[in-house]
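K.L.:
My questions all concern the structure below.
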2 protein chains.
Amino acid sequence: MRRFFFAAVLFCTSANLFAQDKDSVMIRKIADEVLTNGTAYTNLRYLCKQVGPRLSGSTQAEKAVRETARMMKEIGADTVWLQECMVPHWVRGEKEEAILKMANGTKKPLKVTALGNSVGTPVTGVTASVIEVRTMDELNQLGETGIKGKIVFFNHKMNPTFVRTFQAYGEAGIYRFRGPSMAAKYGAVGVIVRSLASNLDDHPHTGATGYIDSFPKIPAVAISTNDAELLSRMLKLRTAPPTLYFKTNCKMLPDVKSYNVIGEIRGSEFPNEIIAVGGHLDSWDLAEGANDDGSGCVQSIEVLRAIKALGIRPRRTIRAVMFMNEENGLKGATQYATVAKTDGKKHIFALESDAGGFTPRGFSISSSDAVRAKIASWKNLLYPYGVYEFLDFGGGADVSPLKDVGAVTAELLPDSQRYFDIHHAETDVFENVSSRELHLGAVNMTALVWLVSEYGL
Amino acid sequence: MRRFFFAAVLFCTSANLFAQDKDSVMIRKIADEVLTNGTAYTNLRYLCKQVGPRLSGSTQAEKAVRETARMMKEIGADTVWLQECMVPHWVRGEKEEAILKMANGTKKPLKVTALGNSVGTPVTGVTASVIEVRTMDELNQLGETGIKGKIVFFNHKMNPTFVRTFQAYGEAGIYRFRGPSMAAKYGAVGVIVRSLASNLDDHPHTGATGYIDSFPKIPAVAISTNDAELLSRMLKLRTAPPTLYFKTNCKMLPDVKSYNVIGEIRGSEFPNEIIAVGGHLDSWDLAEGANDDGSGCVQSIEVLRAIKALGIRPRRTIRAVMFMNEENGLKGATQYATVAKTDGKKHIFALESDAGGFTPRGFSISSSDAVRAKIASWKNLLYPYGVYEFLDFGGGADVSPLKDVGAVTAELLPDSQRYFDIHHAETDVFENVSSRELHLGAVNMTALVWLVSEYGL
């Protein structure tokens with residue numbers, strides 16, 4: 001530790017040294033406040049246990065709007081307001097079922113869950129033979145001859161060798177997002193997608209699919225990774241092939257009115273320069289949305305709380321934003337950016353936390369090289385709190401539209417090893433968040449936001 | 001990521017560049033092997049669920065010796081053997097009880113657990129009034145007048161502002177380790193120590209206490225942090241003070257024979273130069289010892305497995321060592337070092353993993369500055385797998401005695417935020433270990449051990 005500091009300091013100019021020393025004292029205060037008196041964990045418990053799953057358009061999402069507004073008022077934000085937006089209202093309906101029917105008459109139930117935004121099956125379900133593919137290439141090679149009338153089983157594993165698990169998610173995600181339409185193009189009647197999960201488990205992981213309008217919309221489910229393995233084995237048996245029956249009861253209802261929730265501490269010198277920090281308030285319906293993205297919401301509220309508690313008067317305006325509808329529409333983020341274009345203020349920086357409430361490692365930043373270098377020059381200030389890398393891609397989904405108004409966008413990079421154990425599954429519950437990890441993320445978010453407020457970008 | 005590599009490479013000489021490129025290919029192979037085919041998690045499940053708690057001298061500890069020896073034989077270690085050592089045999093006996101008796105007659109049960117190695121109470125328990133102290137200074141100021149005949153309640157919180165939680169453990173640990181004797185010095189009849197836990201919870205956390213022979217040995221328990229808060233509040237009521245009754249049933253039996261378990265892959269060029277990598281096989285009795293230190297054991301076995309699976313012929317001998325009795329005696333480690341002094345071989349490096357199976361961040365190294373600099377020069381090889389810091393203290397308890405035979409000692413530094421939620425408590429179970437985090441630790445351990453085997457120190 002001592003040694004590291006010595007090495008780090010060597011890279012600073014002596015003018016910087018003085019500023020960084022003052023800044024390190026302030027950031028130590030921020031850390032002490034958050035680690036000692038932080039309320040992010042308590043707020044998260046409330047959001048998970050008293051509000052619950054918060055799918056866009058649901059009554060729980062409505063309640064989450066009210067409750068996070070209350071939280072921000074209680075911690076003394078200068079202004080708290082709701083920003084209206086229309087959101088899709090997809091409902092799952094009754095629990096799905098899937099049964100593999102073997103040629104010898106035995107039946108094996110499989111654990112599945114409808115993909116978000118997908119259409120439901122007819123009330124009689126879908127029954128067809130199953131064709132397994134690992135890649136889009138395999139699908140395309142089979143073509144209409146091999147696919148028509150069948151259920152396509154996309155059995156693409158997340159690559160375990162990617163240490164940054166979001167790379168594996170990015171690679172495998174296409175099967176969930178585009179698989180249904182790609183299969184429908186060749187006449188498939190349904191789609192089963194292997195869950196985007198790092199490990200073998202019994203929980204189907206949902207998530208949005210994105211139909212392409214020019215192809216029929218066919219029903220689509222995710223299957224647990226254990227049952228994906230089972231199904232794959234069954235399909236390879238040297239007997240008459242099994243058929244699969246599955247039934248989903250989901251549907252898309254008309255759009256409903258919802259809200260982004262915004263709390264603000266006004267800047268003392270540049271009140272029209274906005275620094276936004278946020279997470280998304282909606283979640284999937286299978287669990288409490290603890291890591292995705294209750295964490296990001298309560299961390300963002302904690303940024304405001306810590307600043308108020310320490311009596312800091314930020315030079316620029318700091319806003320916490322609870323974005324609505326990240327999971328299946330991004331309507332809240334789109335609306336937020338639309339307003340930001342015309343409200344006469346300037347968003348200079350927008351930071352999101354939407355990769356789980358895990359221990360922080362860095363930030364990803366979308367900006368010019370010069371701006372990223374400026375942020376990276378604060379590394380030795382954040383290093384004692386676990387942040388050491390500044391990557392050149394990213395910014396969460398909700399803040400990305402703010403690039404269009406000239407904001408530098410960024411995202412907290414927590415450790416990603418556990419994320420795809422819980423992502424979009426029934427395991428995304430409060431118990432799978434660590435208080436210290438969550439608060440340490442909030443420490444770094446507050447510190448970075450404060451530095452941008454002090455020094456601009 | 002791309003950017004980081006560019007920066008890192010600038011520090012390398014061109015000669016190093018070629019070597020590091022070859023090495024990075026090998027370490028990528030190691031990582032792919034461990035992350036794809038690793039068996040550490042499966043072995044840990046076995047150790048936790050089929051063997052269970054492994055307190056020194058217990059039948060489960062015996063079984064753990066046999067089973068880890070089997071695991072190392074199965075993965076093809078050149079030699080696997082048991083190294084005899086005598087270990088203390090402390091037993092908890094029936095579950096403890098503690099009841100706070102208020103002046104108005106109401107009774108409140110408190111969650112406590114006997115400290116390891118502590119003496120039991122008389123069969124009638126201990127009943128006395130309670131005096132709370134936060135520090136040793138407060139204890140000393142009270143002296144015999146304030147302490148005699150009472151139960152001392154050490155209510156020292158772990159400092160939440162230490163980001164490296166082991167620093168907080170180091171500071172607070174003295175109350176568990178020396179509190180009982182310090183209180184006995186002034187005539188206390190019993191001791192209650194606030195659990196060494198990062199957060200408020202209902203689980204008492206045990207751990208060894210260390211009696212000083214010149215003072216009476218008095219019974220000592222840890223109390224859950226929630227109940228420590230409760231007890232503190234009750235003691236502050238403006239009524240007649242409550243009394244506390246507690247009963248423990250623990251005792252120290254005569255030493256029994258046990259074993260370190262050692263597996264080895266012989267070096268192809270320097271077979272007498274030993275690189276040891278290990279964890280401790282014993283655990284506390286309250287849970288499965290999943291993180292403490294089942295993780296370190298299965299990661300060390302994984303080091304051998306990965307090397308064998310990849311067909312690597314290491315230049316120096318690589319040993320995995322399951323040390324016995326770290327928790328309440330260190331007898332296995334002492335015996336291992338004693339043998340290492342006289343067996344005609346030279347231990348050049350000894351690496352322990354005993355800080356939980358969490359996501360890796362670095363290594364701590366006890367060595368000369370030159371050797372640490374050599375190890376730190378491998379940073380860009382390990383960085384893609386999450387390791388970025390090389391601290392100048394440490395080496396786990398089990399490998400520390402090997403400093404006397406000239407070994408460089410080191411310890412894996414996983415992220416420490418969750419450790420003191422589970423440490424020595426009933427929450428240290430398999431379910432609280434992440435497969436990817438555990439295996440990523442094993443990747444870095446294997447990589448470092450392989451580098452030392454290739455290049456020496």
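Residue numbering restarts at 1 in every chain; chains get A, B, ... in the order shown in the structure tokens, and ligands count up from 1 in that same order.
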Could you work out which residues of chain A fall inside 8 Å of chain B? Count only C-alpha atoms, and format the result as a list in words.
P.N.:
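Taken together, these residues fit the definition: Met1, Arg3, Phe4, Ala31, Asp32, Leu35, Thr36, Pro160, Thr161, Val163, Asn199, Thr359, Pro384, Tyr385, Leu391, Asp392, Asp415, Gln417, Arg418, Ser434, Ser435, Arg436 and Glu437 of chain A.
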K.L.:
Pick out the residues sitting within 12 Å of Leu381 of chain A, and hand them over as JSON, numbers by chain; count only C-alpha atoms, and ignore anything fewer than 3 positions along from it in its own chain.
P.N.:
{"A": [5, 8, 9, 12, 16, 17, 19, 20, 21, 22, 23, 24, 25, 26, 27, 28, 30, 31, 375, 376, 377, 378, 384, 385, 386, 387, 388, 443, 444, 447, 448, 450, 451]}
K.L.:
How would you write, as a VMD selection string, the set of residues in segment 51-275 of chain A that DSSP gives as strand (DSSP E)?
P.N.:
chain A and resid 79 to 91 97 to 101 107 to 109 112 to 114 126 to 133 151 to 154 190 to 194 220 to 223 243 to 247 251 to 265 270 to 275
K.L.:
Determine, counting only C-alpha atoms, which protein, DNA and RNA residues have an atom within 10 Å of an atom of Gln60 of chain A; residues of the same chain fewer than 2 positions away are not included. Present the result as a PyMOL selection string.
P.N.:
chain A and resi 47+50-58+62-66+282-283+285
K.L.:
By how many Å are atom CA of His423 of chain B and atom CA of Glu326 of chain B apart?
P.N.:
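Distance between the two atoms: 14.0 Å.
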K.L.:
Go ahead and compute the interatomic distance for atom CA of Asn104 of chain A and atom CA of Pro219 of chain A, in Å to one decimal.
P.N.:
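So the answer is 26.9 Å.
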